[in-house]
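**Q** Just one file: run-v9.csv, with CSV, C-alpha atoms.
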```
chain,number,residue,atom,x,y,z
A,1,HIS,CA,63.0,86.2,83.1
A,2,ASP,CA,66.1,88.1,84.1
A,3,SER,CA,68.9,87.8,81.5
A,4,PHE,CA,72.3,86.6,82.6
A,5,SER,CA,74.6,89.5,82.8
A,6,THR,CA,78.4,89.3,82.1
A,7,THR,CA,79.0,93.0,81.2
A,8,THR,CA,80.3,95.9,83.2
A,9,SER,CA,78.8,98.6,80.9
A,10,THR,CA,76.4,99.5,83.7
A,11,LEU,CA,79.3,100.7,85.9
A,12,PRO,CA,79.8,104.4,85.0
A,13,PRO,CA,82.9,105.0,87.1
A,14,GLN,CA,84.8,102.3,85.2
A,15,LYS,CA,84.7,104.2,81.9
A,16,LYS,CA,85.5,107.5,83.5
A,17,SER,CA,88.3,106.4,85.7
A,18,ARG,CA,90.0,103.5,83.9
A,19,GLY,CA,93.7,103.9,84.4
A,20,LYS,CA,93.1,106.5,87.2
A,21,PRO,CA,92.1,106.2,90.8
A,22,HIS,CA,88.4,106.0,91.5
A,23,PRO,CA,86.8,109.5,91.5
A,24,ARG,CA,85.9,109.1,95.2
A,25,ASN,CA,89.4,108.0,96.1
A,26,SER,CA,91.2,110.6,98.3
A,27,PHE,CA,94.4,109.7,96.4
A,28,GLN,CA,94.3,111.1,92.8
A,29,GLY,CA,97.7,110.4,91.5
A,30,SER,CA,100.2,112.3,93.6
A,31,TYR,CA,101.3,112.5,97.2
A,32,ASP,CA,101.0,115.8,99.1
A,33,MET,CA,104.1,115.1,101.3
A,34,ASP,CA,103.8,118.3,103.4
A,35,ARG,CA,100.2,117.4,104.3
A,36,LEU,CA,101.2,113.7,105.0
A,37,ILE,CA,104.2,114.7,107.2
A,38,SER,CA,102.0,117.1,109.1
A,39,ALA,CA,99.6,114.3,109.8
A,40,TYR,CA,102.3,111.7,110.5
A,41,PRO,CA,105.7,113.3,111.4
A,42,SER,CA,107.4,109.9,111.4
A,43,LEU,CA,107.2,110.0,107.6
A,44,GLY,CA,109.6,112.9,107.5
A,45,PRO,CA,112.9,111.1,107.6
A,46,HIS,CA,111.9,108.8,104.8
A,47,VAL,CA,111.0,111.6,102.3
A,48,ILE,CA,113.7,112.5,99.8
A,49,ARG,CA,113.9,114.6,96.7
A,50,ALA,CA,114.2,112.7,93.5
A,51,ARG,CA,115.0,114.1,90.1
A,52,LEU,CA,112.2,113.1,87.7
A,53,GLY,CA,113.1,114.6,84.4
A,54,ALA,CA,113.8,118.3,84.8
A,55,GLU,CA,112.0,118.4,88.2
A,56,CYS,CA,112.9,117.6,91.7
A,57,ARG,CA,110.0,116.2,93.7
A,58,PRO,CA,109.5,114.9,97.2
A,59,THR,CA,109.0,111.1,97.2
A,60,ILE,CA,110.3,108.0,99.1
A,61,ASN,CA,112.5,105.1,98.2
A,62,PHE,CA,109.9,102.5,97.4
A,63,SER,CA,112.4,99.7,97.9
A,64,ASP,CA,112.7,100.7,101.6
A,65,SER,CA,110.2,98.8,103.6
A,66,MET,CA,110.2,101.3,106.5
A,67,ALA,CA,109.6,104.2,104.0
A,68,VAL,CA,106.7,102.3,102.4
A,69,LYS,CA,105.1,101.5,105.8
A,70,ALA,CA,105.5,105.1,106.9
A,71,LEU,CA,103.9,106.5,103.7
A,72,ASN,CA,100.9,104.2,103.9
A,73,THR,CA,100.5,104.8,107.6
A,74,ALA,CA,100.5,108.6,106.9
A,75,LEU,CA,97.8,108.1,104.2
A,76,LEU,CA,95.6,106.2,106.7
A,77,VAL,CA,96.1,108.8,109.4
A,78,ALA,CA,95.5,111.8,107.1
A,79,ASP,CA,92.7,110.5,105.0
A,80,TYR,CA,90.9,107.8,107.0
A,81,ASN,CA,91.4,109.0,110.6
A,82,ILE,CA,93.4,105.9,111.6
A,83,HIS,CA,95.5,106.0,114.8
A,84,PRO,CA,99.2,106.7,114.1
A,85,THR,CA,100.3,103.6,115.9
A,86,TYR,CA,99.0,101.5,113.0
A,87,GLY,CA,102.4,100.8,111.5
A,88,ASP,CA,103.9,100.0,114.8
A,89,ILE,CA,101.3,97.4,115.6
A,90,MET,CA,101.8,95.3,112.5
A,91,PRO,CA,104.4,92.6,112.6
A,92,CYS,CA,107.7,93.5,110.9
A,93,THR,CA,107.3,90.9,108.2
A,94,ALA,CA,103.6,91.7,107.4
A,95,LEU,CA,102.4,92.8,104.0
A,96,VAL,CA,102.6,96.6,103.7
A,97,PRO,CA,99.2,97.4,102.0
A,98,PRO,CA,99.3,100.2,99.3
A,99,VAL,CA,96.3,102.2,100.5
A,100,PRO,CA,95.3,103.9,97.2
A,101,GLY,CA,94.7,100.5,95.5
A,102,ARG,CA,92.9,99.1,98.4
A,103,ALA,CA,90.6,102.1,98.6
A,104,ASP,CA,89.8,101.7,94.9
A,105,TYR,CA,88.4,98.2,95.5
A,106,VAL,CA,86.2,99.5,98.3
A,107,HIS,CA,84.9,102.4,96.2
A,108,TYR,CA,84.1,100.1,93.2
A,109,MET,CA,82.2,97.7,95.5
A,110,ALA,CA,80.2,100.7,96.7
A,111,ASP,CA,79.3,101.4,93.1
A,112,VAL,CA,78.0,97.8,92.7
A,113,LEU,CA,76.0,98.1,95.8
A,114,GLN,CA,74.5,101.4,94.6
A,115,GLN,CA,73.3,99.6,91.5
A,116,SER,CA,71.6,97.0,93.6
A,117,SER,CA,69.6,99.6,95.4
A,118,ALA,CA,67.1,102.4,94.6
A,119,GLY,CA,69.6,105.1,95.8
A,120,ASN,CA,71.4,107.6,93.6
A,121,VAL,CA,74.6,107.6,95.7
A,122,ALA,CA,76.9,104.9,97.2
A,123,PRO,CA,75.1,103.4,100.2
A,124,ARG,CA,76.5,104.2,103.6
A,125,GLY,CA,75.8,103.1,107.2
A,126,GLU,CA,75.9,100.1,109.4
A,127,LYS,CA,73.1,98.2,107.8
A,128,ILE,CA,75.6,97.2,105.1
A,129,VAL,CA,77.7,94.3,106.2
A,130,GLY,CA,80.8,93.0,104.3
A,131,LEU,CA,83.3,90.2,104.6
A,132,ASP,CA,87.0,90.6,104.0
A,133,ILE,CA,88.4,87.2,103.2
A,134,GLY,CA,92.0,87.0,104.6
A,135,THR,CA,92.2,90.4,106.1
A,136,GLY,CA,95.9,90.1,107.0
A,137,ALA,CA,97.8,91.8,109.7
A,138,SER,CA,96.8,95.2,108.3
A,139,CYS,CA,93.0,94.8,108.3
A,140,ILE,CA,93.1,97.4,105.6
A,141,TYR,CA,89.9,96.8,103.7
A,142,PRO,CA,87.6,96.9,106.8
A,143,LEU,CA,89.4,100.1,108.0
A,144,ILE,CA,88.7,101.9,104.8
A,145,ALA,CA,85.2,100.6,104.5
A,146,THR,CA,84.2,101.7,108.0
A,147,SER,CA,86.0,105.1,107.7
A,148,VAL,CA,84.6,106.1,104.3
A,149,TYR,CA,81.1,104.4,104.3
A,150,GLY,CA,80.4,103.5,107.9
A,151,TRP,CA,79.8,99.8,106.9
A,152,ASN,CA,80.1,97.0,109.4
A,153,MET,CA,82.7,94.5,108.5
A,154,ILE,CA,83.7,90.9,109.2
A,155,ALA,CA,87.4,90.2,108.8
A,156,SER,CA,88.5,86.6,108.5
A,157,GLU,CA,92.1,85.5,108.9
A,158,ILE,CA,94.0,82.2,109.3
A,159,ASN,CA,97.4,83.4,110.6
A,160,THR,CA,97.6,83.8,114.4
A,161,ALA,CA,100.0,86.7,114.4
A,162,SER,CA,97.9,88.5,111.8
A,163,ILE,CA,94.7,87.9,113.8
A,164,GLU,CA,96.4,89.5,116.9
A,165,SER,CA,97.6,92.4,114.8
A,166,ALA,CA,94.2,93.1,113.2
A,167,ARG,CA,92.4,92.9,116.5
A,168,GLU,CA,94.8,95.3,118.1
A,169,ILE,CA,94.4,97.7,115.3
A,170,VAL,CA,90.7,97.5,115.6
A,171,LYS,CA,90.8,98.0,119.3
A,172,VAL,CA,93.2,101.0,119.2
A,173,ASN,CA,90.9,102.7,116.6
A,174,ALA,CA,87.8,102.0,118.8
A,175,LEU,CA,86.2,100.0,116.0
A,176,THR,CA,85.3,96.8,117.9
A,177,GLU,CA,81.6,97.5,117.3
A,178,LYS,CA,82.2,98.0,113.6
A,179,ILE,CA,84.8,95.3,112.7
A,180,ASP,CA,84.6,91.7,113.9
A,181,VAL,CA,87.9,89.9,113.3
A,182,ARG,CA,87.2,86.2,113.1
A,183,SER,CA,89.7,83.3,113.2
A,184,ASN,CA,89.6,80.8,110.3
A,185,SER,CA,92.4,78.7,111.8
A,186,HIS,CA,90.1,76.0,113.0
A,187,SER,CA,89.3,75.0,109.4
A,188,GLY,CA,92.9,75.1,108.1
A,189,GLU,CA,92.8,75.6,104.3
A,190,SER,CA,89.8,73.4,103.9
A,191,SER,CA,87.2,76.1,103.8
A,192,ILE,CA,86.7,79.9,103.1
A,193,PHE,CA,83.3,80.5,104.7
A,194,ASP,CA,82.8,77.5,107.1
A,195,GLY,CA,83.0,78.7,110.6
A,196,ILE,CA,83.2,82.4,109.5
A,197,LEU,CA,79.6,82.9,108.3
A,198,GLN,CA,77.1,81.7,110.9
A,199,PRO,CA,73.9,79.8,109.8
A,200,GLY,CA,71.4,82.4,108.7
A,201,GLU,CA,73.9,85.3,108.9
A,202,LYS,CA,73.7,87.5,105.8
A,203,ILE,CA,76.3,89.7,104.2
A,204,ASP,CA,75.9,92.2,101.4
A,205,PHE,CA,79.3,91.5,99.8
A,206,CYS,CA,82.6,89.8,100.3
A,207,ILE,CA,86.0,91.1,99.1
A,208,CYS,CA,89.3,89.3,98.8
A,209,ASN,CA,92.9,90.1,98.0
A,210,PRO,CA,94.0,86.5,97.5
A,211,PRO,CA,97.6,85.1,97.8
A,212,PHE,CA,98.9,85.6,94.3
A,213,TYR,CA,101.8,83.2,94.3
A,214,SER,CA,101.9,79.4,94.1
A,215,SER,CA,105.1,79.1,96.2
A,216,LYS,CA,107.6,81.0,98.3
A,217,GLU,CA,110.1,80.7,95.5
A,218,ALA,CA,107.7,82.2,93.0
A,219,PHE,CA,107.2,85.2,95.3
A,220,GLN,CA,110.9,85.7,95.9
A,221,ALA,CA,111.6,85.6,92.2
A,222,GLU,CA,109.0,88.2,91.5
A,223,ASN,CA,110.0,90.3,94.5
A,224,ALA,CA,113.6,90.4,93.2
A,225,ARG,CA,112.4,91.5,89.8
A,226,LYS,CA,110.4,94.4,91.3
A,227,VAL,CA,113.4,95.6,93.4
A,228,ARG,CA,115.6,95.5,90.3
A,229,GLY,CA,113.0,97.5,88.5
A,230,LEU,CA,113.0,100.2,91.2
A,231,ALA,CA,116.8,100.3,91.1
A,232,LYS,CA,116.8,100.6,87.3
A,233,GLY,CA,114.4,103.5,87.6
A,234,GLY,CA,117.4,105.5,88.9
A,235,LEU,CA,115.9,107.2,92.0
A,236,ASN,CA,118.3,110.1,92.5
A,237,LYS,CA,118.4,110.8,96.2
A,238,ILE,CA,119.2,114.5,96.8
A,239,ARG,CA,118.5,115.1,100.5
A,240,PRO,CA,116.0,114.4,103.2
A,241,ILE,CA,113.0,116.8,103.4
A,242,GLU,CA,112.9,116.6,107.2
A,243,GLU,CA,114.9,115.0,110.0
A,244,VAL,CA,113.2,113.6,113.1
A,245,THR,CA,114.6,111.2,115.6
A,246,LYS,CA,113.6,107.6,114.9
A,247,THR,CA,111.9,105.7,117.7
A,248,ALA,CA,113.5,102.7,119.3
A,249,LYS,CA,110.8,100.5,117.6
A,250,GLN,CA,111.7,101.9,114.2
A,251,GLN,CA,115.4,101.2,114.8
A,252,GLN,CA,114.5,97.7,115.9
A,253,HIS,CA,112.4,97.1,112.9
A,254,GLU,CA,115.2,98.2,110.6
A,255,GLN,CA,117.6,95.8,112.2
A,256,ILE,CA,115.1,92.9,111.8
A,257,MET,CA,114.4,93.8,108.2
A,258,LYS,CA,118.1,94.0,107.3
A,259,LYS,CA,118.3,90.3,108.4
A,260,GLU,CA,115.1,89.4,106.6
A,261,ASN,CA,116.2,91.2,103.4
A,262,SER,CA,119.6,89.5,103.5
A,263,ARG,CA,117.7,86.2,103.1
A,264,THR,CA,115.0,87.3,100.7
A,265,THR,CA,114.3,90.7,99.3
A,266,SER,CA,112.7,94.1,100.1
A,267,ASN,CA,109.7,93.8,102.4
A,268,ASN,CA,108.1,96.6,100.4
A,269,PHE,CA,106.6,93.6,98.4
A,270,GLY,CA,106.7,91.3,101.5
A,271,GLY,CA,104.2,89.7,103.7
A,272,THR,CA,103.5,86.6,105.8
A,273,ASP,CA,103.2,83.2,104.1
A,274,SER,CA,99.4,83.2,104.1
A,275,GLU,CA,99.2,86.7,102.7
A,276,LEU,CA,101.4,85.9,99.7
A,277,TRP,CA,101.3,82.3,98.5
A,278,CYS,CA,99.2,79.1,98.6
A,279,GLN,CA,99.2,75.9,96.7
A,280,GLY,CA,98.0,76.8,93.2
A,281,GLY,CA,98.3,80.5,93.8
A,282,GLU,CA,95.4,82.9,93.1
A,283,VAL,CA,93.7,80.6,90.6
A,284,ALA,CA,93.3,77.9,93.2
A,285,PHE,CA,92.3,80.3,96.0
A,286,VAL,CA,89.7,82.2,93.9
A,287,SER,CA,88.4,78.9,92.5
A,288,LYS,CA,87.8,77.8,96.1
A,289,ILE,CA,85.8,80.9,96.8
A,290,ILE,CA,83.7,80.4,93.6
A,291,SER,CA,83.1,76.7,94.5
A,292,GLU,CA,82.0,77.5,98.1
A,293,SER,CA,79.9,80.5,97.0
A,294,LYS,CA,77.2,78.0,95.7
A,295,GLN,CA,76.6,76.8,99.3
A,296,TYR,CA,76.4,80.4,100.6
A,297,ALA,CA,74.4,81.9,97.8
A,298,HIS,CA,71.4,82.6,100.1
A,299,GLN,CA,73.6,84.5,102.5
A,300,CYS,CA,75.6,86.9,100.3
A,301,LEU,CA,74.4,89.3,97.6
A,302,TRP,CA,77.7,89.9,95.8
A,303,PHE,CA,80.8,87.7,96.0
A,304,SER,CA,84.1,89.2,94.6
A,305,SER,CA,87.8,88.8,94.5
A,306,LEU,CA,90.8,90.7,93.1
A,307,VAL,CA,92.6,88.9,90.3
A,308,SER,CA,96.0,90.1,89.4
A,309,ARG,CA,96.4,88.6,85.9
A,310,HIS,CA,94.1,89.0,83.0
A,311,ALA,CA,94.6,85.4,81.9
A,312,ASN,CA,93.6,84.2,85.4
A,313,SER,CA,90.5,86.4,85.3
A,314,LYS,CA,89.4,84.7,82.1
A,315,LYS,CA,89.9,81.3,83.7
A,316,MET,CA,87.7,82.3,86.7
A,317,GLU,CA,85.0,83.7,84.4
A,318,LYS,CA,84.9,80.4,82.6
A,319,LEU,CA,84.6,78.5,85.9
A,320,LEU,CA,81.6,80.7,86.8
A,321,LEU,CA,79.9,80.1,83.5
A,322,ASP,CA,80.5,76.3,83.9
A,323,MET,CA,79.1,76.5,87.4
A,324,LYS,CA,75.9,78.1,86.0
A,325,LYS,CA,75.5,75.2,83.6
A,326,GLY,CA,76.2,72.4,86.1
A,327,ARG,CA,74.1,73.6,89.1
A,328,LYS,CA,72.4,71.1,91.3
A,329,GLU,CA,68.7,71.0,92.1
A,330,LYS,CA,67.6,73.6,94.7
A,331,GLN,CA,70.8,75.6,94.2
A,332,ARG,CA,70.3,79.2,93.2
A,333,VAL,CA,71.2,80.0,89.6
A,334,LEU,CA,74.2,82.3,88.9
A,335,ARG,CA,72.6,85.5,87.7
A,336,ALA,CA,75.4,88.0,87.1
A,337,ILE,CA,79.1,88.3,86.5
A,338,LYS,CA,80.8,91.7,86.6
A,339,ARG,CA,84.5,92.5,86.0
A,340,ILE,CA,86.1,95.9,86.7
A,341,ARG,CA,89.5,96.8,85.5
A,342,MET,CA,91.4,98.7,88.2
A,343,GLY,CA,94.7,100.5,87.7
A,344,ALA,CA,96.7,101.0,84.6
A,345,GLY,CA,99.5,99.3,82.5
A,346,HIS,CA,101.4,96.5,84.1
A,347,LYS,CA,99.9,97.3,87.5
A,348,SER,CA,96.3,96.8,86.4
A,349,SER,CA,94.2,94.1,87.9
A,350,THR,CA,90.6,92.9,87.8
A,351,ILE,CA,87.8,92.9,90.3
A,352,LEU,CA,85.7,89.8,89.5
A,353,LEU,CA,82.2,89.9,91.0
A,354,TRP,CA,79.3,87.4,90.8
A,355,SER,CA,75.8,87.2,92.2
A,356,PHE,CA,73.1,84.5,92.5
A,357,TRP,CA,70.4,87.1,92.6
A,358,ASN,CA,68.8,88.8,89.5
A,359,LYS,CA,68.4,92.5,89.2
A,360,SER,CA,64.9,92.7,90.8
A,361,GLU,CA,65.9,90.3,93.6
A,362,ARG,CA,69.0,92.5,94.3
A,363,MET,CA,66.8,95.6,94.6
A,364,GLU,CA,64.5,93.7,96.9
A,365,TRP,CA,67.5,92.5,99.0
A,366,SER,CA,68.6,96.1,99.6
A,367,ARG,CA,65.1,97.3,100.4
A,368,ILE,CA,64.5,94.6,103.0
A,369,ARG,CA,67.9,95.2,104.6
A,370,GLY,CA,67.2,98.9,104.7
A,371,TRP,CA,69.9,100.4,102.4
```
Written as structure tokens, how would this file's structure read?

**A**
Amino acid sequence: HDSFSTTTSTLPPQKKSRGKPHPRNSFQGSYDMDRLISAYPSLGPHVIRARLGAECRPTINFSDSMAVKALNTALLVADYNIHPTYGDIMPCTALVPPVPGRADYVHYMADVLQQSSAGNVAPRGEKIVGLDIGTGASCIYPLIATSVYGWNMIASEINTASIESAREIVKVNALTEKIDVRSNSHSGESSIFDGILQPGEKIDFCICNPPFYSSKEAFQAENARKVRGLAKGGLNKIRPIEEVTKTAKQQQHEQIMKKENSRTTSNNFGGTDSELWCQGGEVAFVSKIISESKQYAHQCLWFSSLVSRHANSKKMEKLLLDMKKGRKEKQRVLRAIKRIRMGAGHKSSTILLWSFWNKSERMEWSRIRGW
């Protein structure tokens, strides 16, 4: 009989890298601005010198949405071979994904998959299939997963504009055979997996960066707090590192964002409605994934979601344990819960993972699927 696991002690990278980027993350704590500008020259006008203690270092103004988008586009171009039109394709109001944190989630998932196989390294290749729940306009998780590990990805999304953006990004990067963007708009908010996973279709994992906020007002209040925090940090702008002419699209974007920011706050922390809030916030959204996972236990090896607050993570773990006790006949038994702390300090979050397969069954799953 396989014992029920709720520990993460078997995840070596967690102890080694807690509070730091994952060891395989191309970002290890600082930005090489010269390298990033070389890969993506449009970043140049946004790079400034800021006084940090006794030093002057190249950085960007993180309350400037255009600067944040340029920086993350540069990271994708330089480290993940993504086409430089990435930032131009996304809608102006779309969530700007911080690439280093998104990459960490993918790398930790690779560690979990490794422990479910007989291999000594993180598994790679198209035999592994993952699902990104709510991929957003950026399609960021599938892009990183395919670039680093060569996995095949399903990307689900409910917002029409985000679906169009994700599909265009996939097309421009010649990844239509690797990333399948599927619309979840037919089911509204009633289901996570229905209509996305086909009968008999199997995936090795699902990942999710859920909408954290319970309302638009809650998001705007937190957004304003973050912007005040950046301002309080006293970014001392000295001079631009490099000047290049801004494209007409960049100028148009800035005009749109000025109007948007006059009504709300910096789009650095922005995004579309479905990316940022839902009724009940992340607790309700992740609870829905957990509830539906029982029905799809035979089709997925590892379910997971990012959880931003430690207290919410505890609630979700309790829900999983309660689900184990209250299972119905013929349903698979919940066999494992893992939690991985990612990030440091007030920016830390938890990756919550669960599986309905015991250790020997997980090894057999990976053997049968060829990874």

**Q** Name the residues in contact with Ala311 (chain A) at a cut-off of 12 Å, using all atoms listed in the file, excluding same-chain residues fewer than 5 positions from it; report them as a PyMOL selection string.

**A** chain A and resi 282-283+316-318+349-350

**Q** Excluding same-chain residues fewer than 3 positions from Glu168 (chain A), what lies within 12 Å of it counting only C-alpha atoms, as a list of chain:residue names?

**A**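 With the cut-off at 12 Å, the set is A:His83, A:Thr85, A:Tyr86, A:Gly87, A:Asp88, A:Ile89, A:Met90, A:Pro91, A:Ala137, A:Ser138, A:Cys139, A:Ala161, A:Ser162, A:Ile163, A:Glu164, A:Ser165, A:Lys171, A:Val172, A:Asn173, A:Ala174, A:Leu175, A:Thr176, A:Ile179, A:Asp180, A:Val181.
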
**Q** With a distance cut-off of 12 Å and all atoms listed in the file, select the neighbouring residues of Asp34 (chain A), excluding the residue or stretch itself and same-chain residues fewer than 6 positions from it, and output the selection as a list in words.

**A**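 Skipping anything fewer than 6 positions along the chain leaves Tyr40, Pro41, Leu43, Gly44, Val47, Arg57, Pro58, Thr59, Leu71, Ala74, Leu75, Ala78, Ile241 and Glu242 of chain A.
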
**Q** Can you pull out every residue within 10 Å of Asn25 (chain A), counting all atoms listed in the file, but drop anything in the same chain fewer than 5 positions away, and send it as an mmCIF file with C-alpha atoms, in the coordinates of the input?

**A**
```cif
data_model
loop_
_atom_site.group_PDB
_atom_site.id
_atom_site.type_symbol
_atom_site.label_atom_id
_atom_site.label_comp_id
_atom_site.auth_asym_id
_atom_site.auth_seq_id
_atom_site.Cartn_x
_atom_site.Cartn_y
_atom_site.Cartn_z
ATOM 1 C CA LYS A 20 93.100 106.500 87.200
ATOM 2 C CA ASP A 79 92.700 110.500 105.000
ATOM 3 C CA PRO A 100 95.300 103.900 97.200
ATOM 4 C CA GLY A 101 94.700 100.500 95.500
ATOM 5 C CA ARG A 102 92.900 99.100 98.400
ATOM 6 C CA ALA A 103 90.600 102.100 98.600
ATOM 7 C CA ASP A 104 89.800 101.700 94.900
ATOM 8 C CA TYR A 105 88.400 98.200 95.500
ATOM 9 C CA VAL A 106 86.200 99.500 98.300
ATOM 10 C CA HIS A 107 84.900 102.400 96.200
ATOM 11 C CA TYR A 108 84.100 100.100 93.200
ATOM 12 C CA VAL A 148 84.600 106.100 104.300
#
```

**Q** Between CA of Ser291 (chain A) and CA of Tyr141 (chain A), measure the distance and give it in Å to one decimal.

**A**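 These atoms are spaced 23.1 Å apart.
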
**Q** For CA of Glu361 (chain A) and CA of Ser117 (chain A), determine how far apart the two atoms are, in Å to one decimal place.

**A** 10.2 Å
